[in-house]
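Enquirer: My questions will all concern the structure given below.
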Amino acid sequence: MGAYLVKRFLLMFPTLLGVALVTFLLIRVIPGDVVELRYSGDRGAVSQEVIDQERARIGLDQPVWKQLGTWLIGMAKLDFGTSMWTGAPIWDEIRLRFALSLQVAIMATIVAVLLALPLGVLAALKQDTWIDYAVRIFSIAGLAVPSFWLGIMFILVLLIVFKWLPPMVYTPFWVDPWANMQQLIWPALAVGYRYSAVATRMTRSAMLEVLREDYIRTARAKGLWQSLLLRRHALKNAMLPVMTVVGVEFAFLIGGLVVTEQVFNLNGLGLLFVQAVSHRDYTLIQALVMLVAGIFIVMNFLLDVAFAWLDPRVRYA
Amino acid sequence: MPAPLLSVVSLVTQFSTRSGIVKAVDGVSWDVEAGETVALVGESGCGKSASALSVMRLIAEPAGRIVSGQVLFKGRDLLALSAEQMRRVRGREIGMIFQEPMTSLNPVLSVGRQLTEGLEIHLGMTPGAARARALELLGMVGIPDAERRLKQYPHQFSGGMRQRMMIAMALSCDPALILADEPTTALDVTSQAQILELMKSLSQKLGVAMLIITHNLGVVARYADRVNVMYAGKIIERASARELYANPRHPYTEGLLRSVPRLDEPRRARLAPIEGQPPDLTRLPRGCSFAPRCRWREDRCEREAPALAALRGEWHMSACWQAERLGEAVTQ
């Protein structure tokens with residue numbers, strides 16, 4: 001088990017390097033760079049000389065392999081450099097937005113798991129009864145309804161029925177948890193609902209599959225209590241695929257909530273992503289992609305650790 | 001004569017499938033006396049496993065359903081018990097061993113956990129006491145190095161070892177009866193013999209009654225006191241193992257016996273298979289279910305289904321119109 005985890009851990013680094021190379025090269029394929037975009041408003045009033053000077057200042061006049069080298073070395077030292085657009089250190093640009101996106105993702109995950117596990121298990125146990133149908137309609141609806149639309153509905157209902165609006169300015173959790181929650185619980189619910197729909201369906205189908213297994217029949221033949229049978233014998237097996245879905249979805253939420261962030265006026269990573277791309281802010285795009293990719297990769301690593309912990313066949317393989 | 005330990009009376013179990021209702025168990029009665037070993041023999045799909053699962057009320061619902069009948073265990077009708085009362089019977093008073101040792105143990109729980117949970121639940125043992133008992137049980141079923149083995153997981157056990165585990169689990173709470181559903185079918189021949197010997201010796205030592213379900217007549221001959229032969233959801237012949245071999249009184253039993261290879265016959269002799277296919281249980285013929293495949297068939301067999309009836313002067317029952325004629329032919 002130890003050797004397996006070490007190997008799995010070390011494997012994260014070549015993966016990250018691959019992501020870095022692909023990102024670095026692909027964004028340079030997009031036409032236009034940050035300098036052109038910045039001066040394009042002036043319609044040729046800026047001389048080529050000024051543009052060249054600006055490129056040299058940012059380092060875009062260097063050969064591509066050299067830019068790549070500089071960036072990789074910086075990253076190895078955990079230094080992402082400065083934004084090509086604003087000139088501010090990238091870590092300062094990302095920090096608060098990352099905290100916000102991470103918090104929404106964590107809260108949405110909690111919402112999703114709290115909904116998905118009981119509902120999925122219940123639907124599987126009551127397969128083809130009205131309870132099962134109700135759960136399935138609830139989860140299909142979650143897949144069909146876009147989170148941002150649900151978010152708009154939340155806001156409208158809060159405003160029209162309760163005459164109250166969630167705060168529109170972000171307060172970090174460690175400054176004022178209560179104000180922070182008042183704002184972030186709504187996007188977490190809106191996103192968590194769709195997320196729970198995916199997880200509920202996975203829980204239901206995994207449970208249905210596990211409940212048909214021979215070892216469940218053995219457990220029943222032993223005269224176990226229903227609750228113990230479900231917890232110890234069924235859920236532990238059914239959790240493996242559900243964890244995968246939850247983990248991957250969580251990583252997606254970190255950078256993927258562009259529209260929902262707009263609805264709730266949240267300044268998260270999703271919006272920053274869009275801005276970075278439209279400004280051709282190479283260093284910021286690279287940093288964001290690496291951040292999200294890093295979270296995916298770490299998440300996958302953690303999933304593998306959890307699998308090894310839950311499933312002895314993985315542990316001793 | 002005291003009432004038998006287990007008495008199945010006119011049990012009917014059905015499954016609804018796409019092609020119609022399958023009468024897997026169609027009005028079957030049999031019993032098991034305390035301490036004896038009874039076999040339920042028949043080919044795949046004849047309803048022998050469904051009978052055992054019905055006793056435990058483990059028929060997969062809602063497709064499967066026990067329609068009628070009684071399962072009297074120590075005088076109580078198990079079919080009339082509440083779910084909670086039935087749970088106390090399972091594992092505590094009746095243990096069960098399944099066919100597939102590879103899939104019947106939970107892959108993510110240690111063997112020790114799976115062995116001790118029944119002890120903790122039914123006998124209220126502390127984890128320490130349950131562990132001590134588990135070690136003792138592993139010794140009884142011949143698993144060496146028990147201390148280390150308890151911590152291991154099913155995938156680290158061979159098929160034969162897993163089936164020993166299943167036996168240990170079934171015996172753990174000192175049940176009065178063990179239902180063994182094809183306990184050796186999935187094992188290689190050497191393990192088969194070892195497992196059967198183990199079950200035989202343990203059942204004698206502990207005085208546990210056993211129902212062995214099998215399609216293997218060799219198993220029956222050696223290990224069972226009495227035999228019930230099932231065909232298409234019905235019992236078609238019943239006798240002591242010795243009597244059944246010497247004097248089969250149903251063409252199906254006779255066919256089964258002739259299809260088993262024997263060491264004491266010349267090798268040139270060809271095996272005689274039973275011609276034809278097992279019947280479609282959704283569309284059973286009006287008369288005897290075996291009639292379409294039977295060498296002894298007469299007009300009457302296709303019109304009327306024979307009931308299981310005692311043969312003259314013997315403790316031996318057969319559901320065949322030709323039982324007497326067959327008896328004469330076989331003994332000649």
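If you're wondering about the labels, chains in the structure tokens are A, B, ... by order shown, residues count from 1 in each chain, ligands from 1 in order shown.
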I'd like a table as JSON lines: residues in chain A with an atom no more than 12 Å from chain B, each row giving the shortest atom pair and its distance in Å to one decimal, only C-alpha atoms counted, sorted by chain and rising residue number.
Expert:
```
{"residue": "A:Leu125", "atom": "CA", "partner": "B:Glu61", "partner_atom": "CA", "distance": 11.3}
{"residue": "A:Lys126", "atom": "CA", "partner": "B:Pro62", "partner_atom": "CA", "distance": 10.6}
{"residue": "A:Gln127", "atom": "CA", "partner": "B:Pro62", "partner_atom": "CA", "distance": 9.8}
{"residue": "A:Asp128", "atom": "CA", "partner": "B:Pro62", "partner_atom": "CA", "distance": 10.0}
{"residue": "A:Thr129", "atom": "CA", "partner": "B:Pro62", "partner_atom": "CA", "distance": 11.0}
{"residue": "A:Val210", "atom": "CA", "partner": "B:Asn106", "partner_atom": "CA", "distance": 10.3}
{"residue": "A:Leu211", "atom": "CA", "partner": "B:Ala60", "partner_atom": "CA", "distance": 10.4}
{"residue": "A:Arg212", "atom": "CA", "partner": "B:Ala60", "partner_atom": "CA", "distance": 8.8}
{"residue": "A:Glu213", "atom": "CA", "partner": "B:Thr103", "partner_atom": "CA", "distance": 7.5}
{"residue": "A:Asp214", "atom": "CA", "partner": "B:Ser104", "partner_atom": "CA", "distance": 4.8}
{"residue": "A:Tyr215", "atom": "CA", "partner": "B:Ser104", "partner_atom": "CA", "distance": 4.2}
{"residue": "A:Ile216", "atom": "CA", "partner": "B:Asn106", "partner_atom": "CA", "distance": 7.6}
{"residue": "A:Arg217", "atom": "CA", "partner": "B:Leu58", "partner_atom": "CA", "distance": 7.4}
{"residue": "A:Thr218", "atom": "CA", "partner": "B:Ser104", "partner_atom": "CA", "distance": 6.1}
{"residue": "A:Ala219", "atom": "CA", "partner": "B:Gln114", "partner_atom": "CA", "distance": 8.5}
{"residue": "A:Arg220", "atom": "CA", "partner": "B:Leu58", "partner_atom": "CA", "distance": 7.7}
{"residue": "A:Ala221", "atom": "CA", "partner": "B:Arg90", "partner_atom": "CA", "distance": 5.5}
{"residue": "A:Lys222", "atom": "CA", "partner": "B:Gly91", "partner_atom": "CA", "distance": 4.1}
{"residue": "A:Gly223", "atom": "CA", "partner": "B:Arg90", "partner_atom": "CA", "distance": 4.6}
{"residue": "A:Leu224", "atom": "CA", "partner": "B:Arg87", "partner_atom": "CA", "distance": 7.0}
{"residue": "A:Trp225", "atom": "CA", "partner": "B:Arg87", "partner_atom": "CA", "distance": 7.5}
{"residue": "A:Gln226", "atom": "CA", "partner": "B:Arg87", "partner_atom": "CA", "distance": 9.2}
{"residue": "A:Leu228", "atom": "CA", "partner": "B:Glu117", "partner_atom": "CA", "distance": 9.8}
{"residue": "A:Leu229", "atom": "CA", "partner": "B:Glu117", "partner_atom": "CA", "distance": 10.4}
{"residue": "A:Arg231", "atom": "CA", "partner": "B:Leu109", "partner_atom": "CA", "distance": 11.8}
{"residue": "A:Arg232", "atom": "CA", "partner": "B:Leu109", "partner_atom": "CA", "distance": 8.3}
{"residue": "A:His233", "atom": "CA", "partner": "B:Asn106", "partner_atom": "CA", "distance": 6.9}
{"residue": "A:Ala234", "atom": "CA", "partner": "B:Asn106", "partner_atom": "CA", "distance": 9.0}
{"residue": "A:Leu235", "atom": "CA", "partner": "B:Val108", "partner_atom": "CA", "distance": 10.6}
{"residue": "A:Lys236", "atom": "CA", "partner": "B:Val108", "partner_atom": "CA", "distance": 7.4}
{"residue": "A:Asn237", "atom": "CA", "partner": "B:Val108", "partner_atom": "CA", "distance": 6.9}
{"residue": "A:Ala238", "atom": "CA", "partner": "B:Val108", "partner_atom": "CA", "distance": 10.7}
{"residue": "A:Met239", "atom": "CA", "partner": "B:Val108", "partner_atom": "CA", "distance": 11.3}
{"residue": "A:Leu240", "atom": "CA", "partner": "B:Val108", "partner_atom": "CA", "distance": 10.8}
{"residue": "A:Phe307", "atom": "CA", "partner": "B:Val108", "partner_atom": "CA", "distance": 10.5}
{"residue": "A:Ala308", "atom": "CA", "partner": "B:Val108", "partner_atom": "CA", "distance": 10.3}
{"residue": "A:Trp309", "atom": "CA", "partner": "B:Val108", "partner_atom": "CA", "distance": 9.6}
{"residue": "A:Leu310", "atom": "CA", "partner": "B:Val108", "partner_atom": "CA", "distance": 6.7}
{"residue": "A:Asp311", "atom": "CA", "partner": "B:Val108", "partner_atom": "CA", "distance": 5.2}
{"residue": "A:Pro312", "atom": "CA", "partner": "B:Val108", "partner_atom": "CA", "distance": 5.9}
{"residue": "A:Arg313", "atom": "CA", "partner": "B:His155", "partner_atom": "CA", "distance": 6.9}
{"residue": "A:Val314", "atom": "CA", "partner": "B:Val108", "partner_atom": "CA", "distance": 9.9}
{"residue": "A:Arg315", "atom": "CA", "partner": "B:Val108", "partner_atom": "CA", "distance": 10.5}
{"residue": "A:Tyr316", "atom": "CA", "partner": "B:Gln156", "partner_atom": "CA", "distance": 9.1}
{"residue": "A:Ala317", "atom": "CA", "partner": "B:His155", "partner_atom": "CA", "distance": 10.2}
```
Enquirer: Would you put the residues from that selection into a file with C-alpha atoms, as a PDB file, in the first residue's frame?
Expert:
```pdb
ATOM      1  CA  LEU A 125     -34.369   0.447  -1.524  1.00  0.00           C
ATOM      2  CA  LYS A 126     -37.806   1.473  -2.756  1.00  0.00           C
ATOM      3  CA  GLN A 127     -37.065   0.795  -6.400  1.00  0.00           C
ATOM      4  CA  ASP A 128     -40.068   1.288  -8.700  1.00  0.00           C
ATOM      5  CA  THR A 129     -42.312   2.659  -5.967  1.00  0.00           C
ATOM      6  CA  VAL A 210     -24.649  -3.740  -4.829  1.00  0.00           C
ATOM      7  CA  LEU A 211     -27.968  -4.864  -3.346  1.00  0.00           C
ATOM      8  CA  ARG A 212     -28.156  -7.587  -5.991  1.00  0.00           C
ATOM      9  CA  GLU A 213     -24.747  -8.955  -5.038  1.00  0.00           C
ATOM     10  CA  ASP A 214     -24.406 -12.390  -3.504  1.00  0.00           C
ATOM     11  CA  TYR A 215     -22.659 -11.052  -0.434  1.00  0.00           C
ATOM     12  CA  ILE A 216     -25.707  -8.954   0.424  1.00  0.00           C
ATOM     13  CA  ARG A 217     -27.785 -12.115   0.350  1.00  0.00           C
ATOM     14  CA  THR A 218     -25.184 -13.729   2.610  1.00  0.00           C
ATOM     15  CA  ALA A 219     -25.436 -10.804   5.002  1.00  0.00           C
ATOM     16  CA  ARG A 220     -29.215 -11.110   5.054  1.00  0.00           C
ATOM     17  CA  ALA A 221     -28.931 -14.841   5.653  1.00  0.00           C
ATOM     18  CA  LYS A 222     -26.827 -14.005   8.709  1.00  0.00           C
ATOM     19  CA  GLY A 223     -29.760 -12.124  10.197  1.00  0.00           C
ATOM     20  CA  LEU A 224     -28.149  -8.692  10.320  1.00  0.00           C
ATOM     21  CA  TRP A 225     -30.228  -5.648  11.123  1.00  0.00           C
ATOM     22  CA  GLN A 226     -31.302  -3.808   8.021  1.00  0.00           C
ATOM     23  CA  LEU A 228     -26.207  -2.478   9.729  1.00  0.00           C
ATOM     24  CA  LEU A 229     -26.539  -4.383   6.481  1.00  0.00           C
ATOM     25  CA  ARG A 231     -24.172   0.733   6.277  1.00  0.00           C
ATOM     26  CA  ARG A 232     -21.552  -1.944   6.620  1.00  0.00           C
ATOM     27  CA  HIS A 233     -22.182  -4.217   3.675  1.00  0.00           C
ATOM     28  CA  ALA A 234     -23.895  -2.169   0.991  1.00  0.00           C
ATOM     29  CA  LEU A 235     -22.864   1.483   1.359  1.00  0.00           C
ATOM     30  CA  LYS A 236     -19.191   0.771   1.726  1.00  0.00           C
ATOM     31  CA  ASN A 237     -19.192  -0.913  -1.662  1.00  0.00           C
ATOM     32  CA  ALA A 238     -21.571   1.537  -3.306  1.00  0.00           C
ATOM     33  CA  MET A 239     -19.517   4.534  -2.174  1.00  0.00           C
ATOM     34  CA  LEU A 240     -16.662   3.852  -4.582  1.00  0.00           C
ATOM     35  CA  PHE A 307     -10.196   3.795  -2.777  1.00  0.00           C
ATOM     36  CA  ALA A 308      -7.183   2.071  -1.316  1.00  0.00           C
ATOM     37  CA  TRP A 309      -8.526   2.725   2.144  1.00  0.00           C
ATOM     38  CA  LEU A 310     -12.037   1.455   1.327  1.00  0.00           C
ATOM     39  CA  ASP A 311     -11.207  -1.437  -0.965  1.00  0.00           C
ATOM     40  CA  PRO A 312      -8.636  -3.979   0.173  1.00  0.00           C
ATOM     41  CA  ARG A 313      -8.359  -5.343  -3.365  1.00  0.00           C
ATOM     42  CA  VAL A 314      -6.796  -2.036  -4.393  1.00  0.00           C
ATOM     43  CA  ARG A 315      -4.709  -1.865  -1.250  1.00  0.00           C
ATOM     44  CA  TYR A 316      -3.028  -5.204  -1.737  1.00  0.00           C
ATOM     45  CA  ALA A 317      -2.863  -5.162  -5.533  1.00  0.00           C
TER      46      ALA A 317
END
```
Enquirer: Report as a Markdown table the residues of segment 82-129 of chain A within 10 Å of segment 167-181 of chain A, each with its shortest atom pair and distance in Å (one decimal), using only C-alpha atoms, ordered by chain and increasing residue number.
Expert:
```
| residue | atom | partner | partner_atom | distance |
| --- | --- | --- | --- | --- |
| A:Leu96 | CA | A:Pro172 | CA | 8.2 |
| A:Arg97 | CA | A:Tyr170 | CA | 10.0 |
| A:Ala99 | CA | A:Pro172 | CA | 8.1 |
| A:Leu100 | CA | A:Pro172 | CA | 7.6 |
| A:Gln103 | CA | A:Phe173 | CA | 8.7 |
| A:Val104 | CA | A:Met181 | CA | 9.9 |
| A:Met107 | CA | A:Met181 | CA | 9.7 |
```
Enquirer: Just to be explicit: take each residue in the selection above, keep C-alpha atoms, and write the result as an mmCIF file, in the first residue's frame.
Expert:
```
data_model
loop_
_atom_site.group_PDB
_atom_site.id
_atom_site.type_symbol
_atom_site.label_atom_id
_atom_site.label_comp_id
_atom_site.auth_asym_id
_atom_site.auth_seq_id
_atom_site.Cartn_x
_atom_site.Cartn_y
_atom_site.Cartn_z
ATOM 1 C CA LEU A 96 -9.385 36.129 -2.564
ATOM 2 C CA ARG A 97 -11.219 34.796 -5.590
ATOM 3 C CA ALA A 99 -10.946 31.467 -1.333
ATOM 4 C CA LEU A 100 -14.440 32.382 -2.506
ATOM 5 C CA GLN A 103 -15.761 27.927 -0.238
ATOM 6 C CA VAL A 104 -18.686 27.771 -2.674
ATOM 7 C CA MET A 107 -20.513 24.195 0.542
#
```
Enquirer: Please provide as an MDAnalysis selection string all residues within 12 Å of Arg293 of chain B, with the sequence filter that same-chain residues fewer than 6 positions apart are discarded (counting only C-alpha atoms).
Expert: chainID B and resid 231 251:252 255 273:279 285 301:302
Enquirer: Identify, on the basis of only C-alpha atoms, every residue whose closest approach to Phe252 of chain A does not exceed 9 Å; exclude the query and any residue fewer than 3 positions from it along the same chain; express the result as a list of chain:residue names.
Expert: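 In the requested form, the answer reads A:Ala105, A:Gly247, A:Val248, A:Glu249, A:Gly255, A:Gly256, A:Leu257, A:Val292, A:Ile295, A:Phe296.
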Enquirer: One number please: atom CA of Phe301 of chain A to atom CA of Lys7 of chain A, in Å, one decimal.
Expert: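 Taking atom CA of Phe301 of chain A and atom CA of Lys7 of chain A, their separation equals 10.5 Å.
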Enquirer: Would you pick out the contacts of Leu78 of chain A at 12 Å or less, using only C-alpha atoms, so that residues sharing its chain but fewer than 4 positions from it are not included, and give the list as a ChimeraX atom specification?
Expert: /A:71-74,90-91,287,290-291
Enquirer: Measure the distance from atom CA of Tyr195 of chain A to atom CA of Ala276 of chain A in Å and round it to one decimal.
Expert: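 Spanning atom CA of Tyr195 of chain A to atom CA of Ala276 of chain A is a straight-line distance of 26.6 Å.
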Enquirer: Name the closest residue to Asp26 of chain B among the candidates B:Leu202, B:Ala291, B:Leu171, B:Ala232; distances are taken between atoms, counting only C-alpha atoms.
Expert: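 Answer, going by the shortest atom-to-atom distance: B:Ala232.
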Enquirer: Could you tell me which of A:Ile152, A:Leu266, A:Leu122, A:Ile185 comes closest to Ser205 of chain A if we count only C-alpha atoms?
Expert: A:Leu122
Enquirer: Please return as a PyMOL selection string: the residues of segment 57-294 of chain B that backbone DSSP assigns to helix (DSSP H, G or I).
Expert: chain B and resi 78-80+83-89+111-123+127-140+146-151+154-156+159-171+189-206+217-223+241-246+251-258+291-293
Enquirer: Tell me, which residues of segment 35-265 of chain B carry DSSP strand (DSSP E), written as a count of residues only?
Expert: 45
Enquirer: Give me the residues within 12 Å of segment 5-8 of chain B as a ChimeraX atom specification, counting only C-alpha atoms and dropping any in the same chain fewer than 3 places off.
Expert: /B:1-2,11-12,25,27-38,51-52,54-56,68-79,93-94,175-179,208-211,235
